[in-house]
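Visitor: Let me give you the structure first, and then I'll get to my questions.
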Amino acid sequence: MHIIPAKAEDFETVRRITEETIRTVYPHYYPAGAVAFFLAHHNAAAIKRDIRENCVFLIVSDSGKFTGTVTVNGNEIGRLFVLPQYQGNGFGRALLSFAESLIAEQRDTSELDVSFPAKQIYLKRGYQAVSWHCIETENGDYLCFDHMTKHLRNHSIGGETHDT
């Protein structure tokens, strides 16, 4: 597997990975209004903007299939999605390690907003919850999530130690 920057022509791939993952996984954890909120938050305009700003990356399997995506903007990791059929095969771990390494080149700390399905993964990777948020969505549903941070400098990232 390898990770590449997304280009304008990759928009549809990033959008498909994002939407398919949300539509498949999130209904098991969130009510319909929260799922709709996620889909609206990760809309076409936001994805296109992030691709234009060179913040979006795709992971490609050894067989050449796009299996996941991550967005890195400053020290913030966002839109880290792996297609459901590829989850549990190390693609998410590789995307997170890549994002952390990219951030560690210039920043001491990474941060992200964490959905319920991914919270345990981030806790295992050394992230700490610093705040909890709850947004009312359509139909009176709520979207609840944690904001988490991780100190990157002088810590092991994906098996490598990064010192400055």
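Each chain in the structure tokens gets a letter, A, B, ..., in the order shown, and its residues are numbered from 1; ligands are numbered from 1 in order too.
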Output as a short mmCIF file (atom, residue, chain, number, x, y, z; two decimals) with N, CA, C and O atoms, in the first residue's frame all residues of chain A that backbone DSSP marks as alpha helix (DSSP H).

Guide:
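Saved to selection_22.cif:
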```cif
data_model
loop_
_atom_site.label_atom_id
_atom_site.label_comp_id
_atom_site.auth_asym_id
_atom_site.auth_seq_id
_atom_site.Cartn_x
_atom_site.Cartn_y
_atom_site.Cartn_z
N PHE A 11 -11.51 13.77 -7.05
CA PHE A 11 -12.63 14.22 -6.24
C PHE A 11 -13.69 13.14 -6.07
O PHE A 11 -14.13 12.85 -4.95
N GLU A 12 -14.12 12.54 -7.15
CA GLU A 12 -15.21 11.56 -7.08
C GLU A 12 -14.80 10.36 -6.22
O GLU A 12 -15.62 9.80 -5.49
N THR A 13 -13.56 9.97 -6.27
CA THR A 13 -13.07 8.85 -5.45
C THR A 13 -13.13 9.21 -3.97
O THR A 13 -13.60 8.43 -3.15
N VAL A 14 -12.65 10.41 -3.62
CA VAL A 14 -12.68 10.85 -2.22
C VAL A 14 -14.12 10.96 -1.75
O VAL A 14 -14.47 10.51 -0.65
N ARG A 15 -14.99 11.54 -2.56
CA ARG A 15 -16.40 11.68 -2.20
C ARG A 15 -17.04 10.31 -1.99
O ARG A 15 -17.74 10.08 -1.01
N ARG A 16 -16.77 9.36 -2.88
CA ARG A 16 -17.35 8.02 -2.78
C ARG A 16 -16.88 7.31 -1.51
O ARG A 16 -17.69 6.72 -0.79
N ILE A 17 -15.61 7.36 -1.22
CA ILE A 17 -15.07 6.72 -0.01
C ILE A 17 -15.72 7.32 1.22
O ILE A 17 -16.16 6.61 2.13
N THR A 18 -15.81 8.66 1.25
CA THR A 18 -16.38 9.36 2.39
C THR A 18 -17.84 8.99 2.59
O THR A 18 -18.26 8.56 3.67
N GLU A 19 -18.64 9.14 1.54
CA GLU A 19 -20.08 8.88 1.66
C GLU A 19 -20.39 7.42 1.92
O GLU A 19 -21.25 7.11 2.74
N GLU A 20 -19.72 6.52 1.23
CA GLU A 20 -19.99 5.08 1.43
C GLU A 20 -19.67 4.66 2.87
O GLU A 20 -20.41 3.91 3.48
N THR A 21 -18.57 5.17 3.40
CA THR A 21 -18.20 4.82 4.77
C THR A 21 -19.22 5.38 5.76
O THR A 21 -19.67 4.66 6.66
N ILE A 22 -19.59 6.63 5.60
CA ILE A 22 -20.57 7.23 6.50
C ILE A 22 -21.90 6.48 6.42
O ILE A 22 -22.49 6.12 7.43
N ARG A 23 -22.39 6.25 5.20
CA ARG A 23 -23.70 5.60 5.02
C ARG A 23 -23.73 4.16 5.54
O ARG A 23 -24.77 3.68 5.96
N THR A 24 -22.60 3.48 5.51
CA THR A 24 -22.53 2.09 5.93
C THR A 24 -22.29 1.93 7.43
O THR A 24 -22.94 1.12 8.09
N VAL A 25 -21.36 2.70 7.97
CA VAL A 25 -20.92 2.51 9.35
C VAL A 25 -21.71 3.35 10.35
O VAL A 25 -22.15 2.86 11.39
N ALA A 32 -30.49 9.06 12.46
CA ALA A 32 -30.52 9.52 11.07
C ALA A 32 -30.13 10.98 10.92
O ALA A 32 -29.41 11.34 9.98
N GLY A 33 -30.56 11.84 11.83
CA GLY A 33 -30.22 13.26 11.73
C GLY A 33 -28.72 13.50 11.83
O GLY A 33 -28.17 14.36 11.14
N ALA A 34 -28.05 12.73 12.68
CA ALA A 34 -26.60 12.88 12.83
C ALA A 34 -25.87 12.37 11.59
O ALA A 34 -24.89 12.96 11.15
N VAL A 35 -26.36 11.28 11.01
CA VAL A 35 -25.75 10.75 9.78
C VAL A 35 -25.90 11.79 8.67
O VAL A 35 -24.94 12.06 7.93
N ALA A 36 -27.07 12.40 8.55
CA ALA A 36 -27.30 13.44 7.54
C ALA A 36 -26.36 14.62 7.79
O ALA A 36 -25.83 15.21 6.84
N PHE A 37 -26.12 14.96 9.05
CA PHE A 37 -25.21 16.05 9.39
C PHE A 37 -23.80 15.73 8.90
O PHE A 37 -23.12 16.58 8.31
N PHE A 38 -23.32 14.50 9.16
CA PHE A 38 -21.99 14.09 8.69
C PHE A 38 -21.89 14.21 7.17
O PHE A 38 -20.90 14.73 6.65
N LEU A 39 -22.90 13.73 6.47
CA LEU A 39 -22.88 13.79 5.01
C LEU A 39 -22.84 15.24 4.53
O LEU A 39 -22.10 15.58 3.60
N ALA A 40 -23.62 16.12 5.16
CA ALA A 40 -23.63 17.53 4.78
C ALA A 40 -22.30 18.20 5.13
O ALA A 40 -21.79 19.04 4.37
N HIS A 41 -21.71 17.83 6.26
CA HIS A 41 -20.43 18.40 6.68
C HIS A 41 -19.32 18.06 5.69
O HIS A 41 -18.46 18.89 5.40
N ALA A 44 -19.53 18.12 -1.14
CA ALA A 44 -18.67 18.23 -2.33
C ALA A 44 -17.80 19.48 -2.28
O ALA A 44 -16.60 19.42 -2.60
N ALA A 45 -18.37 20.61 -1.89
CA ALA A 45 -17.60 21.86 -1.88
C ALA A 45 -16.44 21.76 -0.89
O ALA A 45 -15.32 22.23 -1.19
N ALA A 46 -16.67 21.17 0.29
CA ALA A 46 -15.60 21.03 1.29
C ALA A 46 -14.50 20.11 0.78
O ALA A 46 -13.31 20.40 0.96
N ILE A 47 -14.89 19.01 0.16
CA ILE A 47 -13.89 18.07 -0.37
C ILE A 47 -13.08 18.73 -1.49
O ILE A 47 -11.84 18.65 -1.50
N LYS A 48 -13.76 19.41 -2.41
CA LYS A 48 -13.06 20.09 -3.51
C LYS A 48 -12.10 21.16 -2.98
O LYS A 48 -10.98 21.29 -3.47
N ARG A 49 -12.54 21.93 -1.99
CA ARG A 49 -11.68 22.96 -1.39
C ARG A 49 -10.42 22.33 -0.80
O ARG A 49 -9.31 22.80 -1.03
N ASP A 50 -10.60 21.26 -0.04
CA ASP A 50 -9.45 20.61 0.60
C ASP A 50 -8.51 20.00 -0.42
O ASP A 50 -7.28 20.04 -0.24
N ILE A 51 -9.04 19.46 -1.51
CA ILE A 51 -8.18 18.94 -2.58
C ILE A 51 -7.39 20.08 -3.21
O ILE A 51 -6.18 19.97 -3.43
N ARG A 52 -8.06 21.21 -3.50
CA ARG A 52 -7.38 22.39 -4.07
C ARG A 52 -6.26 22.89 -3.15
O ARG A 52 -5.23 23.35 -3.62
N PHE A 91 -5.21 -0.20 6.71
CA PHE A 91 -5.26 1.02 5.91
C PHE A 91 -5.47 2.26 6.78
O PHE A 91 -4.84 3.29 6.58
N GLY A 92 -6.37 2.19 7.75
CA GLY A 92 -6.61 3.31 8.64
C GLY A 92 -5.39 3.62 9.48
O GLY A 92 -5.03 4.79 9.68
N ARG A 93 -4.74 2.59 9.97
CA ARG A 93 -3.51 2.75 10.76
C ARG A 93 -2.45 3.46 9.92
O ARG A 93 -1.77 4.38 10.39
N ALA A 94 -2.31 3.03 8.66
CA ALA A 94 -1.31 3.65 7.78
C ALA A 94 -1.66 5.12 7.50
O ALA A 94 -0.77 5.98 7.50
N LEU A 95 -2.94 5.41 7.26
CA LEU A 95 -3.35 6.80 7.03
C LEU A 95 -3.10 7.67 8.25
O LEU A 95 -2.61 8.80 8.13
N LEU A 96 -3.40 7.15 9.44
CA LEU A 96 -3.18 7.92 10.66
C LEU A 96 -1.69 8.14 10.90
O LEU A 96 -1.27 9.26 11.24
N SER A 97 -0.88 7.13 10.72
CA SER A 97 0.58 7.29 10.88
C SER A 97 1.12 8.31 9.89
O SER A 97 1.95 9.16 10.25
N PHE A 98 0.63 8.26 8.65
CA PHE A 98 1.05 9.22 7.63
C PHE A 98 0.68 10.63 8.06
O PHE A 98 1.50 11.56 8.00
N ALA A 99 -0.57 10.83 8.48
CA ALA A 99 -1.04 12.15 8.89
C ALA A 99 -0.23 12.67 10.08
O ALA A 99 0.19 13.84 10.09
N GLU A 100 0.01 11.83 11.06
CA GLU A 100 0.79 12.25 12.22
C GLU A 100 2.21 12.62 11.83
O GLU A 100 2.76 13.60 12.33
N SER A 101 2.82 11.85 10.96
CA SER A 101 4.19 12.15 10.52
C SER A 101 4.24 13.47 9.76
O SER A 101 5.18 14.26 9.95
N LEU A 102 3.25 13.71 8.92
CA LEU A 102 3.18 14.97 8.17
C LEU A 102 3.05 16.15 9.13
O LEU A 102 3.76 17.15 8.99
N ILE A 103 2.19 16.03 10.11
CA ILE A 103 2.00 17.10 11.09
C ILE A 103 3.27 17.29 11.93
O ILE A 103 3.68 18.42 12.20
N ALA A 104 3.90 16.19 12.34
CA ALA A 104 5.08 16.26 13.21
C ALA A 104 6.25 16.98 12.56
O ALA A 104 7.15 17.44 13.26
N PHE A 116 -17.95 8.26 17.37
CA PHE A 116 -18.02 7.07 18.23
C PHE A 116 -17.33 5.85 17.63
O PHE A 116 -16.60 5.15 18.33
N PRO A 117 -17.54 5.55 16.33
CA PRO A 117 -16.92 4.33 15.79
C PRO A 117 -15.40 4.30 15.90
O PRO A 117 -14.81 3.24 15.98
N ALA A 118 -14.77 5.48 15.90
CA ALA A 118 -13.30 5.54 15.87
C ALA A 118 -12.66 5.87 17.21
O ALA A 118 -11.44 5.78 17.34
N LYS A 119 -13.44 6.21 18.20
CA LYS A 119 -12.86 6.71 19.46
C LYS A 119 -11.84 5.74 20.06
O LYS A 119 -10.75 6.15 20.47
N GLN A 120 -12.17 4.48 20.15
CA GLN A 120 -11.28 3.50 20.77
C GLN A 120 -9.95 3.39 20.02
O GLN A 120 -8.89 3.24 20.63
N ILE A 121 -10.01 3.52 18.71
CA ILE A 121 -8.79 3.46 17.89
C ILE A 121 -7.85 4.60 18.28
O ILE A 121 -6.65 4.39 18.47
N TYR A 122 -8.40 5.80 18.41
CA TYR A 122 -7.57 6.95 18.74
C TYR A 122 -7.05 6.88 20.17
O TYR A 122 -5.91 7.29 20.44
N LEU A 123 -7.84 6.38 21.08
CA LEU A 123 -7.36 6.21 22.46
C LEU A 123 -6.16 5.27 22.48
O LEU A 123 -5.16 5.54 23.17
N LYS A 124 -6.23 4.19 21.73
CA LYS A 124 -5.11 3.23 21.67
C LYS A 124 -3.87 3.84 21.05
O LYS A 124 -2.76 3.39 21.32
#
```

Visitor: Check the smallest atom-to-atom distance from each of A:Ser63, A:Gln128, A:Gln85, A:Asn139 to A:Ser110 using only C-alpha atoms, then report the winner.

Guide: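 Closest to A:Ser110, using only C-alpha atoms: A:Gln128.
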
Visitor: Between atom CA of A:Pro27 and atom CA of A:His133, what is the spacing in Å?

Guide: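 Those two atoms sit 18.9 Å apart.
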
Visitor: Looking at only C-alpha atoms, which of A:Val56, A:Ala8, A:Leu143, A:Val114 is the one that sits closest to A:Ser131?

Guide: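 When distances to A:Ser131 are compared using only C-alpha atoms, the smallest one comes from A:Val114.
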
Visitor: Nearest to A:Val72: which of A:Leu112, A:Cys134, A:Phe145, A:Tyr26 is it, counting only C-alpha atoms?

Guide: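 Residue with the minimum atom-to-atom distance to A:Val72: A:Leu112.
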
Visitor: Contacts of A:Ile4 at 10 Å or less, counting only C-alpha atoms, minus same-chain residues fewer than 4 places along, as an MDAnalysis selection string?

Guide: chainID A and resid 56:60 69

Visitor: Restricting it to C-alpha atoms, dump the selection as a tab-separated table (two decimals), in the first residue's frame.

Guide:
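Contents of selection08.tsv, freshly written:
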```tsv
chain	number	residue	atom	x	y	z
A	56	VAL	CA	-6.31	15.40	0.94
A	57	PHE	CA	-4.55	12.06	0.54
A	58	LEU	CA	-5.62	8.65	-0.73
A	59	ILE	CA	-4.32	5.25	0.24
A	60	VAL	CA	-3.91	2.73	-2.55
A	69	THR	CA	-8.67	8.88	2.48
```

Visitor: Within stretch 6-118 of chain A, find each residue whose DSSP state, derived from the backbone, is strand (DSSP E or B), and express the selection as a list in words.

Guide: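 Residues of stretch 6-118 of chain A classed as strand (DSSP E or B): Val56, Phe57, Leu58, Ile59, Val60, Phe66, Thr67, Gly68, Thr69, Val70, Thr71, Val72, Asn73, Glu76, Ile77, Gly78, Arg79, Leu80, Phe81, Val82, Thr109, Ser110, Glu111, Leu112, Asp113 and Val114 of chain A.
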
Visitor: Please determine, counting only C-alpha atoms, which residue among A:Gln106, A:Glu76, A:Ser61, A:Ser115 has the shortest atom-to-atom distance to A:Lys150.

Guide: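 Smallest distance to A:Lys150 is found for A:Glu76.
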
Visitor: What separation in Å, quoted to one decimal, exists between atom CA of A:Gly126 and atom CA of A:Met1?

Guide: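 Result for atom CA of A:Gly126 versus atom CA of A:Met1: 23.9 Å, one decimal.
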
Visitor: To one decimal place in Å, what is the distance between atom CA of A:Pro84 and atom CA of A:Trp132?

Guide: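 Atom CA of A:Trp132 lies 26.1 Å from atom CA of A:Pro84.
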
Visitor: Name the closest residue to A:Asn73 among the candidates A:Thr149, A:Asn43, A:Asn54, A:Thr137; distances are taken between atoms, counting only C-alpha atoms.

Guide: A:Asn54

Visitor: For A:Phe66, which of A:His42, A:Arg79, A:Arg153, A:His2 is the closest residue, counting only C-alpha atoms?

Guide: A:His2
